[in-house]
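Asks: See upload.cif below, with mmCIF, C-alpha atoms.
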data_run
loop_
_atom_site.label_atom_id
_atom_site.label_comp_id
_atom_site.auth_asym_id
_atom_site.auth_seq_id
_atom_site.Cartn_x
_atom_site.Cartn_y
_atom_site.Cartn_z
CA MET A 631 -99.34 -13.20 -74.33
CA GLU A 632 -101.83 -11.68 -76.72
CA PHE A 633 -104.67 -13.45 -74.93
CA ASN A 634 -103.31 -12.32 -71.58
CA ARG A 635 -103.28 -8.68 -72.74
CA VAL A 636 -106.86 -8.78 -74.05
CA ILE A 637 -108.37 -10.57 -71.07
CA CYS A 638 -106.61 -8.31 -68.58
CA LYS A 639 -108.01 -5.32 -70.47
CA LEU A 640 -111.48 -6.76 -69.78
CA GLY A 641 -110.68 -6.53 -66.08
CA PHE A 642 -109.65 -10.15 -65.43
CA TRP A 643 -106.90 -11.22 -63.05
CA LEU A 644 -104.54 -14.10 -63.66
CA LEU A 645 -104.41 -16.51 -60.73
CA ILE A 646 -100.89 -17.03 -59.40
CA SER A 647 -101.82 -20.47 -58.08
CA ASP A 648 -103.09 -21.61 -61.49
CA PRO A 649 -101.70 -19.70 -64.45
CA CYS A 650 -104.40 -21.04 -66.82
CA THR A 651 -107.23 -19.43 -64.87
CA TYR A 652 -108.52 -15.88 -64.95
CA ILE A 653 -111.12 -14.34 -62.66
CA LEU A 654 -113.23 -11.19 -62.70
CA CYS A 655 -115.17 -10.20 -59.58
CA GLU A 656 -118.04 -7.75 -59.46
CA GLY A 657 -119.34 -7.49 -55.94
CA ASN A 658 -120.57 -10.95 -54.97
CA ASP A 659 -120.66 -12.16 -58.57
CA PHE A 660 -117.77 -13.44 -60.57
CA VAL A 661 -116.66 -14.94 -63.88
CA ILE A 662 -113.94 -17.56 -64.13
CA VAL A 663 -112.23 -18.31 -67.45
CA THR A 664 -110.05 -21.40 -67.80
CA VAL A 665 -107.76 -21.89 -70.78
CA TRP A 666 -106.64 -25.16 -72.41
CA VAL A 667 -104.56 -24.33 -75.52
CA ASP A 668 -107.33 -22.83 -77.69
CA ASP A 669 -110.33 -24.02 -75.67
CA LEU A 670 -111.91 -21.75 -73.10
CA LEU A 671 -114.39 -22.65 -70.38
CA LEU A 672 -116.45 -19.82 -68.86
CA PHE A 673 -118.12 -20.07 -65.47
CA ALA A 674 -120.18 -17.24 -64.02
CA THR A 675 -122.73 -16.59 -61.31
CA LEU A 676 -124.79 -14.50 -63.74
CA ASP A 677 -125.64 -15.10 -67.42
CA CYS A 678 -125.04 -11.45 -68.26
CA LEU A 679 -121.43 -11.76 -67.07
CA ILE A 680 -120.89 -14.65 -69.52
CA GLU A 681 -122.38 -12.56 -72.32
CA HIS A 682 -120.23 -9.57 -71.38
CA THR A 683 -117.04 -11.69 -71.38
CA LYS A 684 -117.92 -13.33 -74.69
CA ALA A 685 -118.61 -9.95 -76.29
CA GLY A 686 -115.25 -8.67 -75.04
CA LEU A 687 -113.36 -11.64 -76.49
CA GLU A 688 -115.33 -11.59 -79.75
CA ALA A 689 -114.20 -8.03 -80.34
CA GLU A 690 -110.68 -9.46 -80.80
CA TRP A 691 -111.12 -12.97 -82.22
CA GLU A 692 -113.64 -15.10 -83.98
CA LEU A 693 -115.12 -17.41 -81.34
CA THR A 694 -117.10 -20.59 -81.75
CA ASN A 695 -119.66 -20.89 -79.01
CA LEU A 696 -120.17 -24.55 -78.18
CA GLY A 697 -122.85 -23.84 -75.56
CA GLU A 698 -123.00 -25.88 -72.37
CA PRO A 699 -119.80 -27.91 -72.11
CA VAL A 700 -120.22 -31.56 -73.12
CA LYS A 701 -116.59 -32.48 -73.59
CA ILE A 702 -113.22 -30.85 -72.89
CA VAL A 703 -109.82 -32.48 -73.61
CA GLY A 704 -111.32 -35.96 -73.71
CA ILE A 705 -113.33 -35.54 -70.49
CA GLU A 706 -117.06 -35.79 -70.91
CA ILE A 707 -119.21 -33.58 -68.73
CA GLU A 708 -122.80 -34.24 -67.72
CA LEU A 709 -124.65 -31.39 -66.04
CA GLY A 710 -127.70 -32.10 -63.90
CA ASP A 711 -129.87 -29.98 -61.62
CA HIS A 712 -127.78 -30.64 -58.55
CA PHE A 713 -124.81 -32.55 -59.86
CA VAL A 714 -121.96 -32.64 -62.37
CA THR A 715 -120.47 -35.92 -63.57
CA ILE A 716 -117.17 -36.20 -65.43
CA SER A 717 -115.92 -39.33 -67.20
CA GLN A 718 -113.53 -40.45 -69.93
CA CYS A 719 -115.68 -43.17 -71.40
CA ARG A 720 -115.40 -42.23 -75.09
CA TYR A 721 -111.66 -41.60 -75.03
CA LEU A 722 -111.23 -44.99 -73.38
CA GLU A 723 -113.54 -46.72 -75.89
CA ASN A 724 -111.35 -45.32 -78.69
CA ILE A 725 -108.18 -46.76 -77.17
CA LEU A 726 -109.79 -50.15 -76.53
CA GLN A 727 -111.18 -50.24 -80.05
CA LYS A 728 -107.80 -49.44 -81.63
CA GLU A 729 -106.22 -52.28 -79.65
CA GLY A 730 -109.06 -54.62 -80.53
CA MET A 731 -109.92 -55.01 -76.85
CA GLU A 732 -113.35 -53.42 -76.62
CA LYS A 733 -114.78 -56.74 -75.45
CA ALA A 734 -111.86 -57.68 -73.17
CA ASN A 735 -112.72 -59.48 -69.94
CA PRO A 736 -112.51 -57.09 -67.00
CA VAL A 737 -110.04 -57.73 -64.17
CA GLY A 738 -110.24 -56.34 -60.65
CA THR A 739 -106.86 -54.62 -60.48
CA PRO A 740 -104.71 -52.94 -63.13
CA LEU A 741 -101.48 -54.62 -62.00
CA ASP A 742 -100.54 -58.10 -60.80
CA THR A 743 -99.35 -58.00 -57.22
CA GLY A 744 -95.71 -58.87 -56.76
CA ILE A 745 -94.75 -58.21 -60.36
CA THR A 746 -91.26 -56.78 -60.91
CA LEU A 747 -90.58 -55.12 -64.23
CA GLU A 748 -87.01 -55.32 -65.47
CA PRO A 749 -85.44 -52.55 -67.53
CA ASN A 750 -85.42 -53.05 -71.28
CA PRO A 751 -82.71 -55.67 -72.02
CA ASP A 752 -81.69 -54.24 -75.40
CA GLY A 753 -79.83 -51.31 -73.96
CA ASN A 754 -82.71 -49.00 -73.01
CA VAL A 755 -82.68 -47.17 -76.31
CA GLY A 756 -85.65 -44.84 -76.32
CA ASP A 757 -87.85 -45.61 -79.30
CA ARG A 758 -91.05 -43.60 -79.42
CA SER A 759 -92.15 -44.73 -82.84
CA ASN A 760 -93.77 -48.09 -82.02
CA SER A 761 -97.31 -48.92 -81.04
CA TYR A 762 -96.28 -49.83 -77.48
CA ALA A 763 -94.92 -46.31 -76.89
CA ARG A 764 -98.01 -44.79 -78.46
CA LEU A 765 -100.30 -46.78 -76.20
CA ILE A 766 -98.24 -45.83 -73.13
CA GLY A 767 -98.58 -42.19 -74.17
CA GLU A 768 -102.34 -42.51 -74.53
CA LEU A 769 -102.66 -44.13 -71.10
CA GLN A 770 -100.49 -41.43 -69.55
CA PHE A 771 -102.75 -38.80 -71.08
CA LEU A 772 -105.76 -40.68 -69.73
CA ALA A 773 -104.36 -41.00 -66.23
CA ASN A 774 -102.28 -37.88 -65.72
CA THR A 775 -103.24 -35.08 -68.06
CA THR A 776 -106.98 -35.35 -67.88
CA MET B 280 -92.54 -59.13 -73.64
CA GLN B 281 -93.33 -58.87 -69.96
CA HIS B 282 -94.00 -55.14 -70.38
CA VAL B 283 -96.52 -55.76 -73.15
CA SER B 284 -98.47 -58.29 -71.10
CA THR B 285 -98.50 -55.88 -68.15
CA LEU B 286 -99.89 -53.22 -70.45
CA LYS B 287 -102.50 -55.69 -71.73
CA ARG B 288 -103.65 -56.25 -68.17
CA VAL B 289 -104.10 -52.51 -67.69
CA LEU B 290 -106.36 -52.51 -70.75
CA HIS B 291 -108.35 -55.44 -69.34
CA TYR B 292 -108.82 -53.43 -66.16
CA LEU B 293 -109.87 -50.31 -68.07
CA SER B 294 -112.31 -52.39 -70.08
CA GLY B 295 -114.19 -53.06 -66.86
CA THR B 296 -114.05 -49.49 -65.56
CA ARG B 297 -114.69 -47.60 -68.82
CA THR B 298 -118.02 -46.13 -67.69
CA TYR B 299 -116.69 -44.95 -64.34
CA GLY B 300 -116.75 -41.23 -63.64
CA ILE B 301 -116.81 -38.73 -60.80
CA THR B 302 -120.01 -37.05 -59.67
CA TYR B 303 -120.02 -33.82 -57.69
CA ASN B 304 -123.22 -32.98 -55.77
CA ASP B 305 -124.70 -30.14 -53.82
CA VAL B 306 -123.78 -30.95 -50.26
CA LEU B 307 -125.33 -29.64 -47.09
CA GLY B 308 -123.21 -27.87 -44.52
CA TYR B 309 -119.96 -26.40 -45.74
CA PRO B 310 -119.88 -26.16 -49.52
CA ASN B 311 -116.42 -24.56 -49.54
CA TYR B 312 -114.96 -27.31 -47.43
CA PHE B 313 -112.59 -29.97 -48.69
CA LEU B 314 -110.99 -32.88 -46.92
CA GLY B 315 -107.66 -34.62 -47.52
CA TYR B 316 -106.75 -38.28 -47.04
CA ALA B 317 -103.09 -39.26 -46.86
CA ASP B 318 -101.37 -42.63 -46.99
CA ALA B 319 -97.99 -44.10 -47.80
CA SER B 320 -96.87 -47.56 -48.78
CA PHE B 321 -93.57 -48.28 -47.13
CA THR B 322 -90.60 -49.41 -49.30
CA ASN B 323 -92.85 -50.72 -51.99
CA THR B 324 -90.47 -50.20 -54.90
CA ASP B 325 -87.33 -51.91 -56.24
CA ASP B 326 -85.04 -49.31 -54.71
CA LEU B 327 -86.71 -49.50 -51.28
CA LYS B 328 -88.31 -46.10 -51.50
CA SER B 329 -91.88 -45.51 -50.32
CA ILE B 330 -94.84 -44.23 -52.27
CA THR B 331 -96.91 -41.21 -51.30
CA GLY B 332 -100.61 -41.20 -52.02
CA TYR B 333 -103.31 -38.71 -51.29
CA VAL B 334 -106.74 -37.57 -52.42
CA PHE B 335 -108.78 -34.45 -51.69
CA MET B 336 -112.56 -34.79 -51.59
CA MET B 337 -115.11 -32.04 -52.14
CA ALA B 338 -118.82 -31.96 -53.03
CA GLY B 339 -119.00 -35.75 -52.81
CA GLY B 340 -116.19 -36.42 -55.29
CA ALA B 341 -112.42 -36.47 -55.58
CA ILE B 342 -111.04 -33.13 -56.80
CA THR B 343 -107.30 -33.80 -56.79
CA TRP B 344 -105.19 -36.90 -56.21
CA PHE B 345 -101.60 -38.03 -56.38
CA SER B 346 -99.53 -41.19 -56.22
CA LYS B 347 -95.78 -41.00 -56.61
CA LYS B 348 -92.55 -42.53 -55.38
CA GLN B 349 -90.89 -40.48 -52.66
CA SER B 350 -87.54 -38.96 -53.54
CA ILE B 351 -85.72 -40.06 -50.39
CA THR B 352 -85.30 -43.36 -48.56
CA THR B 353 -87.12 -43.66 -45.25
CA MET B 354 -86.41 -46.05 -42.40
CA SER B 355 -89.86 -46.50 -40.87
CA THR B 356 -93.53 -46.36 -41.82
CA THR B 357 -93.87 -43.40 -39.47
CA GLU B 358 -91.18 -41.49 -41.36
CA ALA B 359 -92.71 -42.36 -44.75
CA GLU B 360 -96.18 -41.31 -43.59
CA TYR B 361 -94.86 -38.10 -42.07
CA ILE B 362 -93.32 -37.17 -45.42
CA THR B 363 -96.69 -37.89 -47.02
CA LEU B 364 -98.47 -35.66 -44.51
CA SER B 365 -96.11 -32.80 -45.25
CA GLU B 366 -96.67 -33.24 -49.01
CA VAL B 367 -100.43 -33.26 -48.44
CA ALA B 368 -100.15 -30.13 -46.32
CA CYS B 369 -98.42 -28.38 -49.25
CA GLU B 370 -101.22 -29.40 -51.59
CA ALA B 371 -103.83 -28.29 -49.02
CA ARG B 372 -102.08 -24.91 -48.76
CA TRP B 373 -102.19 -24.52 -52.55
CA LEU B 374 -105.85 -25.58 -52.74
CA ARG B 375 -106.86 -23.15 -49.98
CA ASN B 376 -105.05 -20.38 -51.81
CA LEU B 377 -106.69 -21.32 -55.12
CA PHE B 378 -110.18 -21.53 -53.61
CA SER B 379 -109.95 -18.24 -51.78
CA LYS B 380 -108.69 -16.51 -54.96
CA LEU B 381 -111.71 -17.97 -56.76
CA GLY B 382 -113.98 -16.41 -54.15
CA PHE B 383 -114.60 -19.52 -52.02
CA MET B 384 -113.27 -18.22 -48.74
CA GLN B 385 -111.59 -20.75 -46.47
CA THR B 386 -112.74 -19.81 -43.00
CA LEU B 387 -112.26 -23.25 -41.46
CA PRO B 388 -109.06 -25.23 -41.11
CA THR B 389 -108.58 -28.05 -43.62
CA THR B 390 -108.77 -31.56 -42.21
CA ILE B 391 -106.17 -34.06 -43.35
CA ARG B 392 -106.65 -37.66 -42.34
CA GLY B 393 -103.81 -40.10 -41.90
CA ASP B 394 -103.77 -43.66 -40.55
CA ASN B 395 -100.38 -43.85 -38.90
CA ASP B 396 -100.37 -43.11 -35.16
CA GLY B 397 -96.66 -42.35 -35.08
CA SER B 398 -96.79 -39.69 -37.77
CA ILE B 399 -99.98 -38.17 -36.33
CA ALA B 400 -98.28 -37.89 -32.93
CA MET B 401 -95.27 -36.27 -34.62
CA SER B 402 -97.44 -33.73 -36.42
CA LYS B 403 -99.03 -32.78 -33.08
CA ASN B 404 -95.70 -32.47 -31.29
CA PRO B 405 -95.04 -28.77 -30.61
CA GLN B 406 -91.32 -29.43 -30.97
CA PHE B 407 -91.78 -29.67 -34.73
CA HIS B 408 -93.67 -26.37 -34.93
CA LYS B 409 -91.12 -23.93 -33.60
#
The structure in this file should be written as structure tokens.

Replies:
Amino acid sequence: MEFNRVICKLGFWLLISDPCTYILCEGNDFVIVTVWVDDLLLFATLDCLIEHTKAGLEAEWELTNLGEPVKIVGIEIELGDHFVTISQCRYLENILQKEGMEKANPVGTPLDTGITLEPNPDGNVGDRSNSYARLIGELQFLANTT
Amino acid sequence: MQHVSTLKRVLHYLSGTRTYGITYNDVLGYPNYFLGYADASFTNTDDLKSITGYVFMMAGGAITWFSKKQSITTMSTTEAEYITLSEVACEARWLRNLFSKLGFMQTLPTTIRGDNDGSIAMSKNPQFHK
């Protein structure tokens, strides 16, 4: 709420269709700020708009400027002259390494065709403390969240 | 231990695709334009429900995608695909709203592609657009 108050004071609008995104328009130019917990990404058509926004936020909090984005929530970003590439290579390497599968033989599809998974026979008691549950969580983060 | 071996296979798959990513380019023509592809797989689950799948493409890459079991049981591929088309239309509506709020005005209609003649015919039938 605090962040919302400050950024609105700077003239930003919260998008109704994405409540983690703020926009400020000045004529044909604009700044977009996206929020992920305590990470912010700034996009602007003009450098001076980025500087202006940063100055406004720095008046309230201590900011760490990480420069051009290289990585956000596990997604790596590569900026080129006319392209942007995103990938999750390093996050994936970490998972594979932890499971000792960094040299695993690749297969063409993630799931066998025709496989039917049965519910857990020992009564479906939810246990989130084991390594299986942790790995499932990491894969869900990989596939859904990012 | 069937679940563990299934999970292992997922890791084998990811081992082969670890360097994959999505690249967005400058494209000629309509830079604000995005395109949706819709498909359904009919009664593909244990409880005979179908699965909706769609992807929206922009600037040469996928921008949003979805694959989920439908909440109701359908009786034909046409019905399953028609449900998918309506879900895709909702997403397209949201995307158009988001893009125009971000300053990328949507002056052209959004194309959604489906591969089921029955559901395409239904979506063009004026009776369903009263």

Asks: To one decimal in Å, tell me the separation between CA of Asp396 (chain B) and CA of Thr357 (chain B).

Replies: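 Interatomic distance here is 7.8 Å.
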
Asks: Applied to the shown file, which residues does the PyMOL selection byres ((chain A) within 7 of (chain B)) return, written as number ranges by chain?

Replies: A: 647, 653, 712-717, 719, 722, 732, 734-741

Asks: Evaluating the PyMOL selection byres ((chain B and resi 327) around 12) on the displayed file yields which residues, as a VMD selection string?

Replies: chain B and resid 320 to 326 328 to 330 348 to 355 359

Asks: For Gly397 (chain B), which residue among B:Ser284, B:Ser346, B:Thr356, B:Thr331 is the nearest when counting all atoms listed in the file?

Replies: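 The closest residue to Gly397 (chain B) is B:Thr356.
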
Asks: Record the distance separating CA of Glu358 (chain B) and CA of Ile399 (chain B), expressed in Å with one decimal.

Replies: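 The value is 10.7 Å.
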
Asks: Please evaluate the PyMOL selection byres ((chain B and resi 371) around 12) against the structure above and give the resulting residues as a PyMOL selection string.

Replies: chain B and resi 312-317+333-336+342-344+364-370+372-378+385+388-392

Asks: How many Å separate CA of Phe660 (chain A) from CA of Gln718 (chain A)?

Replies: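 So the two atoms, CA of Phe660 (chain A) and CA of Gln718 (chain A), lie 28.9 Å apart.
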
Asks: Of the residues A:Ile725, A:Leu679, A:Val667, A:Leu769, which is the one nearest to Leu640 (chain A), using all atoms listed in the file?

Replies: A:Leu679

Asks: For each of A:Glu768, A:Asp648, A:Glu656, A:Glu692, take the minimum atom-to-atom distance to Ala674 (chain A), counting all atoms listed in the file, then give the residue where this is smallest.

Replies: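 Of A:Glu768, A:Asp648, A:Glu656, A:Glu692, the one nearest Ala674 (chain A), counting all atoms listed in the file, is A:Glu656.
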
Asks: Complete the atoms of region 358-376 of chain B to N, CA and C atoms and put them out as a PDB file, in the frame of the given file.

Replies:
ATOM      1  N   GLU B 358     -91.917 -42.505 -40.608  1.00  0.00           N
ATOM      2  CA  GLU B 358     -91.180 -41.490 -41.360  1.00  0.00           C
ATOM      3  C   GLU B 358     -91.799 -41.309 -42.745  1.00  0.00           C
ATOM      4  N   ALA B 359     -92.123 -42.430 -43.406  1.00  0.00           N
ATOM      5  CA  ALA B 359     -92.710 -42.360 -44.750  1.00  0.00           C
ATOM      6  C   ALA B 359     -94.055 -41.640 -44.708  1.00  0.00           C
ATOM      7  N   GLU B 360     -94.864 -41.946 -43.697  1.00  0.00           N
ATOM      8  CA  GLU B 360     -96.180 -41.310 -43.590  1.00  0.00           C
ATOM      9  C   GLU B 360     -96.063 -39.840 -43.217  1.00  0.00           C
ATOM     10  N   TYR B 361     -95.043 -39.499 -42.443  1.00  0.00           N
ATOM     11  CA  TYR B 361     -94.860 -38.100 -42.070  1.00  0.00           C
ATOM     12  C   TYR B 361     -94.493 -37.265 -43.281  1.00  0.00           C
ATOM     13  N   ILE B 362     -93.662 -37.850 -44.161  1.00  0.00           N
ATOM     14  CA  ILE B 362     -93.320 -37.170 -45.420  1.00  0.00           C
ATOM     15  C   ILE B 362     -94.587 -36.956 -46.242  1.00  0.00           C
ATOM     16  N   THR B 363     -95.422 -38.005 -46.295  1.00  0.00           N
ATOM     17  CA  THR B 363     -96.690 -37.890 -47.020  1.00  0.00           C
ATOM     18  C   THR B 363     -97.539 -36.763 -46.465  1.00  0.00           C
ATOM     19  N   LEU B 364     -97.655 -36.717 -45.130  1.00  0.00           N
ATOM     20  CA  LEU B 364     -98.470 -35.660 -44.510  1.00  0.00           C
ATOM     21  C   LEU B 364     -97.954 -34.282 -44.883  1.00  0.00           C
ATOM     22  N   SER B 365     -96.636 -34.130 -44.931  1.00  0.00           N
ATOM     23  CA  SER B 365     -96.110 -32.800 -45.250  1.00  0.00           C
ATOM     24  C   SER B 365     -96.387 -32.466 -46.712  1.00  0.00           C
ATOM     25  N   GLU B 366     -96.335 -33.495 -47.604  1.00  0.00           N
ATOM     26  CA  GLU B 366     -96.670 -33.240 -49.010  1.00  0.00           C
ATOM     27  C   GLU B 366     -98.157 -32.877 -49.160  1.00  0.00           C
ATOM     28  N   VAL B 367     -98.997 -33.551 -48.395  1.00  0.00           N
ATOM     29  CA  VAL B 367    -100.430 -33.260 -48.440  1.00  0.00           C
ATOM     30  C   VAL B 367    -100.704 -31.849 -47.916  1.00  0.00           C
ATOM     31  N   ALA B 368     -99.967 -31.466 -46.873  1.00  0.00           N
ATOM     32  CA  ALA B 368    -100.150 -30.130 -46.320  1.00  0.00           C
ATOM     33  C   ALA B 368     -99.813 -29.065 -47.363  1.00  0.00           C
ATOM     34  N   CYS B 369     -98.771 -29.331 -48.175  1.00  0.00           N
ATOM     35  CA  CYS B 369     -98.420 -28.380 -49.250  1.00  0.00           C
ATOM     36  C   CYS B 369     -99.568 -28.262 -50.239  1.00  0.00           C
ATOM     37  N   GLU B 370    -100.119 -29.404 -50.629  1.00  0.00           N
ATOM     38  CA  GLU B 370    -101.220 -29.400 -51.590  1.00  0.00           C
ATOM     39  C   GLU B 370    -102.438 -28.680 -50.986  1.00  0.00           C
ATOM     40  N   ALA B 371    -102.705 -28.924 -49.695  1.00  0.00           N
ATOM     41  CA  ALA B 371    -103.830 -28.290 -49.020  1.00  0.00           C
ATOM     42  C   ALA B 371    -103.638 -26.768 -49.014  1.00  0.00           C
ATOM     43  N   ARG B 372    -102.411 -26.346 -48.784  1.00  0.00           N
ATOM     44  CA  ARG B 372    -102.080 -24.910 -48.760  1.00  0.00           C
ATOM     45  C   ARG B 372    -102.389 -24.295 -50.131  1.00  0.00           C
ATOM     46  N   TRP B 373    -101.967 -25.019 -51.174  1.00  0.00           N
ATOM     47  CA  TRP B 373    -102.190 -24.520 -52.550  1.00  0.00           C
ATOM     48  C   TRP B 373    -103.687 -24.477 -52.860  1.00  0.00           C
ATOM     49  N   LEU B 374    -104.406 -25.539 -52.481  1.00  0.00           N
ATOM     50  CA  LEU B 374    -105.850 -25.580 -52.740  1.00  0.00           C
ATOM     51  C   LEU B 374    -106.579 -24.459 -52.023  1.00  0.00           C
ATOM     52  N   ARG B 375    -106.208 -24.221 -50.763  1.00  0.00           N
ATOM     53  CA  ARG B 375    -106.860 -23.150 -49.980  1.00  0.00           C
ATOM     54  C   ARG B 375    -106.628 -21.805 -50.641  1.00  0.00           C
ATOM     55  N   ASN B 376    -105.389 -21.613 -51.111  1.00  0.00           N
ATOM     56  CA  ASN B 376    -105.050 -20.380 -51.810  1.00  0.00           C
ATOM     57  C   ASN B 376    -105.895 -20.240 -53.072  1.00  0.00           C
TER      58      ASN B 376
END
